[in-house]
file structure13.pdb (PDB, C-alpha atoms and all ligand atoms)
ATOM      1  CA  MET A  20       0.000   0.000   0.000  1.00  0.00           C
ATOM      2  CA  SER A  21       0.964   3.550  -0.393  1.00  0.00           C
ATOM      3  CA  PHE A  22      -0.767   6.480   1.235  1.00  0.00           C
ATOM      4  CA  MET A  23       1.307   9.247  -0.260  1.00  0.00           C
ATOM      5  CA  LYS A  24      -0.624  11.658  -2.433  1.00  0.00           C
ATOM      6  CA  ILE A  25       0.723  12.557  -5.881  1.00  0.00           C
ATOM      7  CA  GLU A  26       0.782  16.224  -4.812  1.00  0.00           C
ATOM      8  CA  GLU A  27       2.918  15.291  -1.795  1.00  0.00           C
ATOM      9  CA  ALA A  28       5.309  13.303  -3.964  1.00  0.00           C
ATOM     10  CA  LEU A  29       5.675  16.248  -6.328  1.00  0.00           C
ATOM     11  CA  ALA A  30       6.391  18.556  -3.377  1.00  0.00           C
ATOM     12  CA  GLU A  31       9.125  16.153  -2.175  1.00  0.00           C
ATOM     13  CA  SER A  32      10.698  16.056  -5.636  1.00  0.00           C
ATOM     14  CA  GLU A  33      10.582  19.845  -5.834  1.00  0.00           C
ATOM     15  CA  LYS A  34      12.707  20.024  -2.649  1.00  0.00           C
ATOM     16  CA  VAL A  35      15.581  18.003  -4.100  1.00  0.00           C
ATOM     17  CA  LEU A  36      15.541  18.881  -7.798  1.00  0.00           C
ATOM     18  CA  THR A  37      16.584  21.877  -9.844  1.00  0.00           C
ATOM     19  CA  SER A  38      13.562  23.848 -11.037  1.00  0.00           C
ATOM     20  CA  LYS A  39      14.214  22.770 -14.621  1.00  0.00           C
ATOM     21  CA  ARG A  40      14.223  19.092 -13.678  1.00  0.00           C
ATOM     22  CA  PHE A  41      11.152  19.568 -11.494  1.00  0.00           C
ATOM     23  CA  GLU A  42       9.271  21.037 -14.471  1.00  0.00           C
ATOM     24  CA  HIS A  43      10.200  17.862 -16.396  1.00  0.00           C
ATOM     25  CA  VAL A  44       8.880  15.721 -13.527  1.00  0.00           C
ATOM     26  CA  LYS A  45       5.537  17.555 -13.535  1.00  0.00           C
ATOM     27  CA  ARG A  46       5.211  17.073 -17.303  1.00  0.00           C
ATOM     28  CA  VAL A  47       6.065  13.358 -16.997  1.00  0.00           C
ATOM     29  CA  THR A  48       3.438  13.018 -14.256  1.00  0.00           C
ATOM     30  CA  ASP A  49       0.732  14.659 -16.390  1.00  0.00           C
ATOM     31  CA  THR A  50       1.752  12.611 -19.433  1.00  0.00           C
ATOM     32  CA  ALA A  51       1.711   9.368 -17.435  1.00  0.00           C
ATOM     33  CA  ILE A  52      -1.738  10.086 -15.956  1.00  0.00           C
ATOM     34  CA  ASN A  53      -3.076  10.866 -19.432  1.00  0.00           C
ATOM     35  CA  LEU A  54      -1.679   7.582 -20.786  1.00  0.00           C
ATOM     36  CA  ALA A  55      -3.250   5.705 -17.868  1.00  0.00           C
ATOM     37  CA  LYS A  56      -6.622   7.320 -18.680  1.00  0.00           C
ATOM     38  CA  LYS A  57      -6.273   6.328 -22.314  1.00  0.00           C
ATOM     39  CA  TYR A  58      -5.322   2.704 -21.579  1.00  0.00           C
ATOM     40  CA  ASN A  59      -7.558   2.206 -18.570  1.00  0.00           C
ATOM     41  CA  GLY A  60      -4.488   1.940 -16.347  1.00  0.00           C
ATOM     42  CA  ASP A  61      -3.885   2.870 -12.723  1.00  0.00           C
ATOM     43  CA  GLU A  62      -3.709   6.672 -12.671  1.00  0.00           C
ATOM     44  CA  TYR A  63      -2.571   6.774  -9.045  1.00  0.00           C
ATOM     45  CA  LYS A  64       0.287   4.292  -9.482  1.00  0.00           C
ATOM     46  CA  VAL A  65       1.680   5.851 -12.651  1.00  0.00           C
ATOM     47  CA  GLY A  66       1.207   9.349 -11.217  1.00  0.00           C
ATOM     48  CA  LEU A  67       3.029   8.562  -7.980  1.00  0.00           C
ATOM     49  CA  ALA A  68       5.867   6.725  -9.760  1.00  0.00           C
ATOM     50  CA  ALA A  69       6.227   9.550 -12.289  1.00  0.00           C
ATOM     51  CA  ALA A  70       6.236  12.191  -9.540  1.00  0.00           C
ATOM     52  CA  LEU A  71       9.199  10.394  -7.901  1.00  0.00           C
ATOM     53  CA  HIS A  72      10.924   8.864 -10.962  1.00  0.00           C
ATOM     54  CA  ASP A  73      13.848  11.335 -10.983  1.00  0.00           C
ATOM     55  CA  TYR A  74      13.918  11.920  -7.214  1.00  0.00           C
ATOM     56  CA  ALA A  75      17.608  10.903  -6.991  1.00  0.00           C
ATOM     57  CA  LYS A  76      18.673  12.488 -10.290  1.00  0.00           C
ATOM     58  CA  ASP A  77      20.335  15.641  -8.928  1.00  0.00           C
ATOM     59  CA  MET A  78      22.023  13.989  -5.951  1.00  0.00           C
ATOM     60  CA  ASP A  79      25.770  13.637  -5.633  1.00  0.00           C
ATOM     61  CA  TYR A  80      26.962  10.421  -7.213  1.00  0.00           C
ATOM     62  CA  THR A  81      28.910   9.543  -4.068  1.00  0.00           C
ATOM     63  CA  VAL A  82      25.560   9.426  -2.217  1.00  0.00           C
ATOM     64  CA  LEU A  83      24.037   7.227  -4.925  1.00  0.00           C
ATOM     65  CA  LYS A  84      27.069   4.940  -4.805  1.00  0.00           C
ATOM     66  CA  LYS A  85      26.614   4.421  -1.060  1.00  0.00           C
ATOM     67  CA  TRP A  86      22.990   3.407  -1.557  1.00  0.00           C
ATOM     68  CA  ILE A  87      23.909   0.923  -4.304  1.00  0.00           C
ATOM     69  CA  LYS A  88      26.530  -0.632  -2.046  1.00  0.00           C
ATOM     70  CA  ALA A  89      24.216  -0.742   0.977  1.00  0.00           C
ATOM     71  CA  GLU A  90      21.035  -2.068  -0.675  1.00  0.00           C
ATOM     72  CA  LEU A  91      21.416  -5.824  -1.036  1.00  0.00           C
ATOM     73  CA  ASP A  92      18.986  -6.218  -3.916  1.00  0.00           C
ATOM     74  CA  LEU A  93      20.472  -3.479  -6.085  1.00  0.00           C
ATOM     75  CA  PRO A  94      22.822  -5.013  -8.675  1.00  0.00           C
ATOM     76  CA  LYS A  95      26.462  -4.123  -8.030  1.00  0.00           C
ATOM     77  CA  ASP A  96      27.227  -4.130 -11.763  1.00  0.00           C
ATOM     78  CA  LEU A  97      25.559  -0.693 -11.833  1.00  0.00           C
ATOM     79  CA  LEU A  98      28.787   0.621 -10.299  1.00  0.00           C
ATOM     80  CA  HIS A  99      30.637  -0.354 -13.492  1.00  0.00           C
ATOM     81  CA  HIS A 100      28.125   1.428 -15.729  1.00  0.00           C
ATOM     82  CA  HIS A 101      27.375   5.082 -16.375  1.00  0.00           C
ATOM     83  CA  THR A 102      26.303   7.095 -13.307  1.00  0.00           C
ATOM     84  CA  GLU A 103      23.200   8.164 -15.326  1.00  0.00           C
ATOM     85  CA  LEU A 104      21.855   4.667 -14.685  1.00  0.00           C
ATOM     86  CA  TRP A 105      21.986   4.972 -10.893  1.00  0.00           C
ATOM     87  CA  HIS A 106      19.167   7.412 -10.113  1.00  0.00           C
ATOM     88  CA  GLY A 107      16.287   5.061 -11.002  1.00  0.00           C
ATOM     89  CA  PRO A 108      17.337   2.100  -8.813  1.00  0.00           C
ATOM     90  CA  VAL A 109      18.420   4.372  -5.947  1.00  0.00           C
ATOM     91  CA  GLY A 110      15.317   6.571  -6.294  1.00  0.00           C
ATOM     92  CA  SER A 111      13.089   3.509  -5.924  1.00  0.00           C
ATOM     93  CA  LYS A 112      14.938   2.516  -2.735  1.00  0.00           C
ATOM     94  CA  MET A 113      14.549   6.053  -1.395  1.00  0.00           C
ATOM     95  CA  ALA A 114      10.816   5.990  -2.192  1.00  0.00           C
ATOM     96  CA  ASN A 115      10.592   2.813  -0.145  1.00  0.00           C
ATOM     97  CA  ARG A 116      12.801   3.821   2.801  1.00  0.00           C
ATOM     98  CA  ILE A 117      11.974   7.528   3.093  1.00  0.00           C
ATOM     99  CA  PHE A 118       8.348   7.670   1.932  1.00  0.00           C
ATOM    100  CA  LEU A 119       7.441   4.097   2.936  1.00  0.00           C
ATOM    101  CA  ILE A 120       6.047   3.228  -0.482  1.00  0.00           C
ATOM    102  CA  ASP A 121       5.860  -0.547  -0.647  1.00  0.00           C
ATOM    103  CA  ASP A 122       3.811  -1.101  -3.782  1.00  0.00           C
ATOM    104  CA  GLN A 123       6.182  -3.165  -5.930  1.00  0.00           C
ATOM    105  CA  ASP A 124       4.697  -1.937  -9.196  1.00  0.00           C
ATOM    106  CA  ILE A 125       5.282   1.712  -8.252  1.00  0.00           C
ATOM    107  CA  LEU A 126       8.802   0.932  -6.997  1.00  0.00           C
ATOM    108  CA  ASN A 127       9.678  -1.007 -10.166  1.00  0.00           C
ATOM    109  CA  ALA A 128       8.350   1.767 -12.398  1.00  0.00           C
ATOM    110  CA  ILE A 129      10.791   4.151 -10.689  1.00  0.00           C
ATOM    111  CA  ARG A 130      13.601   1.606 -10.640  1.00  0.00           C
ATOM    112  CA  TYR A 131      13.464   0.670 -14.327  1.00  0.00           C
ATOM    113  CA  HIS A 132      12.380   3.994 -15.852  1.00  0.00           C
ATOM    114  CA  THR A 133      15.751   4.618 -17.557  1.00  0.00           C
ATOM    115  CA  THR A 134      16.492   1.171 -18.999  1.00  0.00           C
ATOM    116  CA  GLY A 135      13.244  -0.750 -19.025  1.00  0.00           C
ATOM    117  CA  ARG A 136      13.525  -4.492 -18.353  1.00  0.00           C
ATOM    118  CA  GLN A 137      12.055  -7.833 -19.380  1.00  0.00           C
ATOM    119  CA  HIS A 138       8.360  -8.373 -18.574  1.00  0.00           C
ATOM    120  CA  MET A 139       7.419  -4.761 -17.863  1.00  0.00           C
ATOM    121  CA  THR A 140       3.981  -4.169 -16.372  1.00  0.00           C
ATOM    122  CA  GLN A 141       1.582  -1.610 -17.811  1.00  0.00           C
ATOM    123  CA  VAL A 142       2.523   0.828 -15.023  1.00  0.00           C
ATOM    124  CA  GLU A 143       6.230   0.432 -15.849  1.00  0.00           C
ATOM    125  CA  LYS A 144       5.625   0.886 -19.577  1.00  0.00           C
ATOM    126  CA  ILE A 145       3.582   4.037 -19.041  1.00  0.00           C
ATOM    127  CA  VAL A 146       6.182   5.709 -16.792  1.00  0.00           C
ATOM    128  CA  PHE A 147       9.006   4.686 -19.155  1.00  0.00           C
ATOM    129  CA  LEU A 148       7.128   6.138 -22.158  1.00  0.00           C
ATOM    130  CA  ALA A 149       5.922   9.276 -20.387  1.00  0.00           C
ATOM    131  CA  ASP A 150       9.553  10.089 -19.559  1.00  0.00           C
ATOM    132  CA  TYR A 151      10.433   9.601 -23.235  1.00  0.00           C
ATOM    133  CA  ILE A 152       7.590  11.592 -24.832  1.00  0.00           C
ATOM    134  CA  GLU A 153       6.736  14.339 -22.312  1.00  0.00           C
ATOM    135  CA  PRO A 154       6.041  17.646 -24.146  1.00  0.00           C
ATOM    136  CA  GLY A 155       9.435  19.127 -23.197  1.00  0.00           C
ATOM    137  CA  ARG A 156      11.357  16.476 -25.176  1.00  0.00           C
ATOM    138  CA  ASN A 157      12.430  17.547 -28.645  1.00  0.00           C
ATOM    139  CA  PHE A 158      14.797  14.942 -30.108  1.00  0.00           C
ATOM    140  CA  PRO A 159      14.061  13.752 -33.679  1.00  0.00           C
ATOM    141  CA  ALA A 160      12.404  10.437 -32.760  1.00  0.00           C
ATOM    142  CA  VAL A 161       9.957  11.935 -30.294  1.00  0.00           C
ATOM    143  CA  ALA A 162       7.141  12.728 -32.766  1.00  0.00           C
ATOM    144  CA  LYS A 163       6.887   9.096 -33.873  1.00  0.00           C
ATOM    145  CA  GLY A 164       7.197   8.015 -30.227  1.00  0.00           C
ATOM    146  CA  ARG A 165       4.183  10.177 -29.302  1.00  0.00           C
ATOM    147  CA  GLU A 166       2.165   8.878 -32.242  1.00  0.00           C
ATOM    148  CA  LEU A 167       2.902   5.254 -31.328  1.00  0.00           C
ATOM    149  CA  ALA A 168       2.184   5.876 -27.636  1.00  0.00           C
ATOM    150  CA  ASP A 169      -1.237   7.117 -28.705  1.00  0.00           C
ATOM    151  CA  ASN A 170      -2.006   3.740 -30.274  1.00  0.00           C
ATOM    152  CA  ASP A 171      -0.009   0.902 -28.724  1.00  0.00           C
ATOM    153  CA  LEU A 172       2.130   0.884 -25.563  1.00  0.00           C
ATOM    154  CA  ASP A 173       4.231  -2.109 -26.661  1.00  0.00           C
ATOM    155  CA  LEU A 174       5.011  -0.701 -30.109  1.00  0.00           C
ATOM    156  CA  ALA A 175       5.903   2.636 -28.525  1.00  0.00           C
ATOM    157  CA  CYS A 176       8.218   1.038 -25.930  1.00  0.00           C
ATOM    158  CA  HIS A 177       9.868  -1.043 -28.643  1.00  0.00           C
ATOM    159  CA  TYR A 178      10.453   2.061 -30.733  1.00  0.00           C
ATOM    160  CA  ALA A 179      11.816   4.072 -27.780  1.00  0.00           C
ATOM    161  CA  LEU A 180      14.227   1.275 -26.851  1.00  0.00           C
ATOM    162  CA  GLU A 181      15.349   0.779 -30.452  1.00  0.00           C
ATOM    163  CA  ASN A 182      16.075   4.488 -30.774  1.00  0.00           C
ATOM    164  CA  SER A 183      17.831   4.732 -27.426  1.00  0.00           C
ATOM    165  CA  ILE A 184      20.064   1.761 -28.256  1.00  0.00           C
ATOM    166  CA  GLN A 185      20.914   3.244 -31.654  1.00  0.00           C
ATOM    167  CA  PHE A 186      21.644   6.599 -30.037  1.00  0.00           C
ATOM    168  CA  LEU A 187      23.914   5.011 -27.413  1.00  0.00           C
ATOM    169  CA  ILE A 188      25.778   3.033 -30.084  1.00  0.00           C
ATOM    170  CA  SER A 189      26.270   6.200 -32.158  1.00  0.00           C
ATOM    171  CA  LYS A 190      27.833   7.779 -29.062  1.00  0.00           C
ATOM    172  CA  LYS A 191      29.973   4.675 -28.486  1.00  0.00           C
ATOM    173  CA  GLN A 192      28.342   4.224 -25.073  1.00  0.00           C
ATOM    174  CA  PRO A 193      27.998   0.855 -23.341  1.00  0.00           C
ATOM    175  CA  ILE A 194      24.437  -0.437 -23.083  1.00  0.00           C
ATOM    176  CA  TYR A 195      23.141  -1.762 -19.795  1.00  0.00           C
ATOM    177  CA  PRO A 196      21.842  -5.369 -20.047  1.00  0.00           C
ATOM    178  CA  ASP A 197      18.301  -4.465 -18.885  1.00  0.00           C
ATOM    179  CA  THR A 198      18.004  -2.155 -21.899  1.00  0.00           C
ATOM    180  CA  PHE A 199      18.721  -5.109 -24.195  1.00  0.00           C
ATOM    181  CA  PHE A 200      16.456  -7.434 -22.202  1.00  0.00           C
ATOM    182  CA  ALA A 201      13.620  -4.933 -22.566  1.00  0.00           C
ATOM    183  CA  PHE A 202      14.250  -4.453 -26.286  1.00  0.00           C
ATOM    184  CA  ASN A 203      14.429  -8.211 -26.963  1.00  0.00           C
ATOM    185  CA  ASP A 204      11.276  -8.845 -24.946  1.00  0.00           C
ATOM    186  CA  PHE A 205       9.214  -6.333 -26.970  1.00  0.00           C
ATOM    187  CA  THR A 206      10.791  -7.506 -30.233  1.00  0.00           C
ATOM    188  CA  GLU A 207       9.916 -11.150 -29.567  1.00  0.00           C
ATOM    189  CA  ARG A 208       6.361 -10.241 -28.618  1.00  0.00           C
ATOM    190  CA  LEU A 209       5.902  -8.238 -31.812  1.00  0.00           C
ATOM    191  CA  LEU A 210       6.953 -11.280 -33.883  1.00  0.00           C
ATOM    192  CA  ASN A 211       4.200 -13.432 -32.379  1.00  0.00           C
TER     193      ASN A 211
HETATM  194  O1  LIG A 301      16.443  11.091 -16.117  1.00  0.00           O
HETATM  195  P1  LIG A 301      16.007  11.603 -17.475  1.00  0.00           P
HETATM  196  O2  LIG A 301      17.049  12.505 -18.075  1.00  0.00           O
HETATM  197  O3  LIG A 301      14.654  12.238 -17.473  1.00  0.00           O
HETATM  198  O4  LIG A 301      15.879  10.336 -18.466  1.00  0.00           O
HETATM  199  P2  LIG A 301      16.374   8.817 -18.306  1.00  0.00           P
HETATM  200  O5  LIG A 301      16.391   8.414 -16.882  1.00  0.00           O
HETATM  201  O6  LIG A 301      15.523   7.985 -19.210  1.00  0.00           O
HETATM  202  O7  LIG A 301      17.818   8.776 -18.963  1.00  0.00           O
HETATM  203  C1  LIG A 301      18.988   9.209 -18.393  1.00  0.00           C
HETATM  204  C2  LIG A 301      20.139   8.930 -19.355  1.00  0.00           C
HETATM  205  O8  LIG A 301      20.485   7.545 -19.351  1.00  0.00           O
HETATM  206  C3  LIG A 301      19.925   9.317 -20.801  1.00  0.00           C
HETATM  207  O9  LIG A 301      20.887  10.294 -21.164  1.00  0.00           O
HETATM  208  C4  LIG A 301      20.185   8.065 -21.614  1.00  0.00           C
HETATM  209  C5  LIG A 301      20.940   7.194 -20.657  1.00  0.00           C
HETATM  210  N1  LIG A 301      20.741   5.743 -20.857  1.00  0.00           N
HETATM  211  C6  LIG A 301      19.569   5.068 -20.976  1.00  0.00           C
HETATM  212  N2  LIG A 301      19.782   3.746 -21.120  1.00  0.00           N
HETATM  213  C7  LIG A 301      21.129   3.561 -21.083  1.00  0.00           C
HETATM  214  C8  LIG A 301      21.738   4.840 -20.890  1.00  0.00           C
HETATM  215  N3  LIG A 301      23.075   5.020 -20.833  1.00  0.00           N
HETATM  216  C9  LIG A 301      23.859   3.927 -20.938  1.00  0.00           C
HETATM  217  N4  LIG A 301      25.176   4.091 -20.889  1.00  0.00           N
HETATM  218  N5  LIG A 301      23.344   2.672 -21.109  1.00  0.00           N
HETATM  219  C10 LIG A 301      21.993   2.418 -21.199  1.00  0.00           C
HETATM  220  O10 LIG A 301      21.559   1.273 -21.349  1.00  0.00           O
HETATM  221 FE    FE A 302      15.501   9.532 -15.157  1.00  0.00          FE
HETATM  222 FE    FE A 303      12.960  11.771 -16.250  1.00  0.00          FE
END

call {"tool": "encode", "arguments": {"input": "structure13.pdb", "output": "structure tokens", "more": "lines below"}}
Ligand code: DGI
Ligand code: FE
Ligand code: FE
result
Amino acid sequence: MSFMKIEEALAESEKVLTSKRFEHVKRVTDTAINLAKKYNGDEYKVGLAAALHDYAKDMDYTVLKKWIKAELDLPKDLLHHHTELWHGPVGSKMANRIFLIDDQDILNAIRYHTTGRQHMTQVEKIVFLADYIEPGRNFPAVAKGRELADNDLDLACHYALENSIQFLISKKQPIYPDTFFAFNDFTERLLN
């Protein structure tokens, strides 16, 4: 259960984020709630997860590193990947420990919002996509991402992952395994 209101979660994020990042978080929250309405999803769960999805994003990486080391069920291989990948897993632990959120779906939506993963739930897909297509995003692939998100969550997630992987490869960046697991999962489902 979680008793935190979305407004309260937003207020907590506002305390720890730059104003620019907080504006992004509000747009992701609105986008996620709208997607939930469209797909008959859980507006509260996606709204709460979206309101907290970047909670750890502006924190010092030495703080994030301590959390990864201390939390037994956070994978230690994160420490060998880009620090950009740390704020989702750590943010979900903070949501649990500081705000006492124990709904696994909400926690996973925060945890996997950057990479995705295999077997994403509808709540996870919606938060992942809302982060990708919120109205403040303006990279070339975003128009098609919005169009797909309007019609099919799986196709939209597949497209977002495909584009992100291509972008990372073009930048000669390593790709975290969960990103591949997510991409393969959606690809296999689209073949069937
Ligand atoms: O926190 P946001 O900026 O709103 O968005 P995000 O959490 O989706 O992405 C943060 C960054 O992480 C973004 O610049 C892309 C990068 N990223 C996503 N997946 C991977 C990744 N970077 C690496 N190295 N590997 C990945 O698999
Ligand atoms: Fe993020
Ligand atoms: Fe974000």

call {"tool": "resolve_selection", "arguments": {"input": "structure13.pdb", "expression": "the PyMOL selection byres (((not hetatm)) within 12 of (chain A and resi 303))", "output": "VMD selection string"}}
result
chain A and resid 32 36 39 to 48 50 to 51 68 to 77 103 to 104 106 to 107 110 128 to 134 146 to 153 155 to 156

call {"tool": "atom_distance", "arguments": {"input": "structure13.pdb", "atom1": "atom C9 of ligand LIG 301 (chain A)", "atom2": "CA of Ile184 (chain A)"}}
result
8.5 Å

call {"tool": "resolve_selection", "arguments": {"input": "structure13.pdb", "expression": "the PyMOL selection byres (((chain A and resi 168) around 12) and not hetatm)", "output": "PyMOL selection string"}}
result
chain A and resi 50-51+53-55+57-58+144-153+161-167+169-179

call {"tool": "atom_distance", "arguments": {"input": "structure13.pdb", "atom1": "CA of Thr81 (chain A)", "atom2": "atom C1 of ligand LIG 301 (chain A)"}}
result
17.4 Å

call {"tool": "resolve_selection", "arguments": {"input": "structure13.pdb", "expression": "the PyMOL selection byres (((chain A and resi 92-102) around 9) and not hetatm)", "output": "list in words"}}
result
Tyr80, Leu83, Lys84, Trp86, Ile87, Lys88, Ala89, Glu90, Leu91, Glu103, Leu104, Trp105, His106, Pro108, Val109, Lys112, Gln192, Pro193, Ile194 and Tyr195 of chain A

call {"tool": "atom_distance", "arguments": {"input": "structure13.pdb", "atom1": "CA of Ser183 (chain A)", "atom2": "CA of Ile120 (chain A)"}}
result
29.4 Å

call {"tool": "axis_aligned_box", "arguments": {"input": "structure13.pdb", "around": "region 25-32 of chain A", "padding_each_side": "3 Å", "output": "lines of an AutoDock Vina configuration file"}}
result
center_x = 5.7
center_y = 15.6
center_z = -4.1
size_x = 16.0
size_y = 12.0
size_z = 10.5

call {"tool": "closest_residue", "arguments": {"input": "structure13.pdb", "among": "A:Asp61, A:Thr206, A:Asn211, A:Pro196", "to": "ligand LIG 301 (chain A)", "atoms": "all atoms listed in the file"}}
result
A:Pro196

call {"tool": "closest_residue", "arguments": {"input": "structure13.pdb", "among": "A:Arg136, A:Lys34, A:Arg116, A:Arg208", "to": "ligand LIG 301 (chain A)", "atoms": "only C-alpha atoms and all ligand atoms"}}
result
A:Arg136

call {"tool": "residues_near_point", "arguments": {"input": "structure13.pdb", "point": "(2.4, 2.2, -10.8)", "cutoff": "9 Å", "atoms": "only C-alpha atoms", "output": "mmCIF file with C-alpha atoms, in the frame of the given file"}}
result
data_model
loop_
_atom_site.group_PDB
_atom_site.id
_atom_site.type_symbol
_atom_site.label_atom_id
_atom_site.label_comp_id
_atom_site.auth_asym_id
_atom_site.auth_seq_id
_atom_site.Cartn_x
_atom_site.Cartn_y
_atom_site.Cartn_z
ATOM 1 C CA GLY A 60 -4.488 1.940 -16.347
ATOM 2 C CA ASP A 61 -3.885 2.870 -12.723
ATOM 3 C CA GLU A 62 -3.709 6.672 -12.671
ATOM 4 C CA TYR A 63 -2.571 6.774 -9.045
ATOM 5 C CA LYS A 64 0.287 4.292 -9.482
ATOM 6 C CA VAL A 65 1.680 5.851 -12.651
ATOM 7 C CA GLY A 66 1.207 9.349 -11.217
ATOM 8 C CA LEU A 67 3.029 8.562 -7.980
ATOM 9 C CA ALA A 68 5.867 6.725 -9.760
ATOM 10 C CA ALA A 69 6.227 9.550 -12.289
ATOM 11 C CA ASP A 122 3.811 -1.101 -3.782
ATOM 12 C CA GLN A 123 6.182 -3.165 -5.930
ATOM 13 C CA ASP A 124 4.697 -1.937 -9.196
ATOM 14 C CA ILE A 125 5.282 1.712 -8.252
ATOM 15 C CA LEU A 126 8.802 0.932 -6.997
ATOM 16 C CA ASN A 127 9.678 -1.007 -10.166
ATOM 17 C CA ALA A 128 8.350 1.767 -12.398
ATOM 18 C CA ILE A 129 10.791 4.151 -10.689
ATOM 19 C CA THR A 140 3.981 -4.169 -16.372
ATOM 20 C CA GLN A 141 1.582 -1.610 -17.811
ATOM 21 C CA VAL A 142 2.523 0.828 -15.023
ATOM 22 C CA GLU A 143 6.230 0.432 -15.849
ATOM 23 C CA ILE A 145 3.582 4.037 -19.041
ATOM 24 C CA VAL A 146 6.182 5.709 -16.792
#
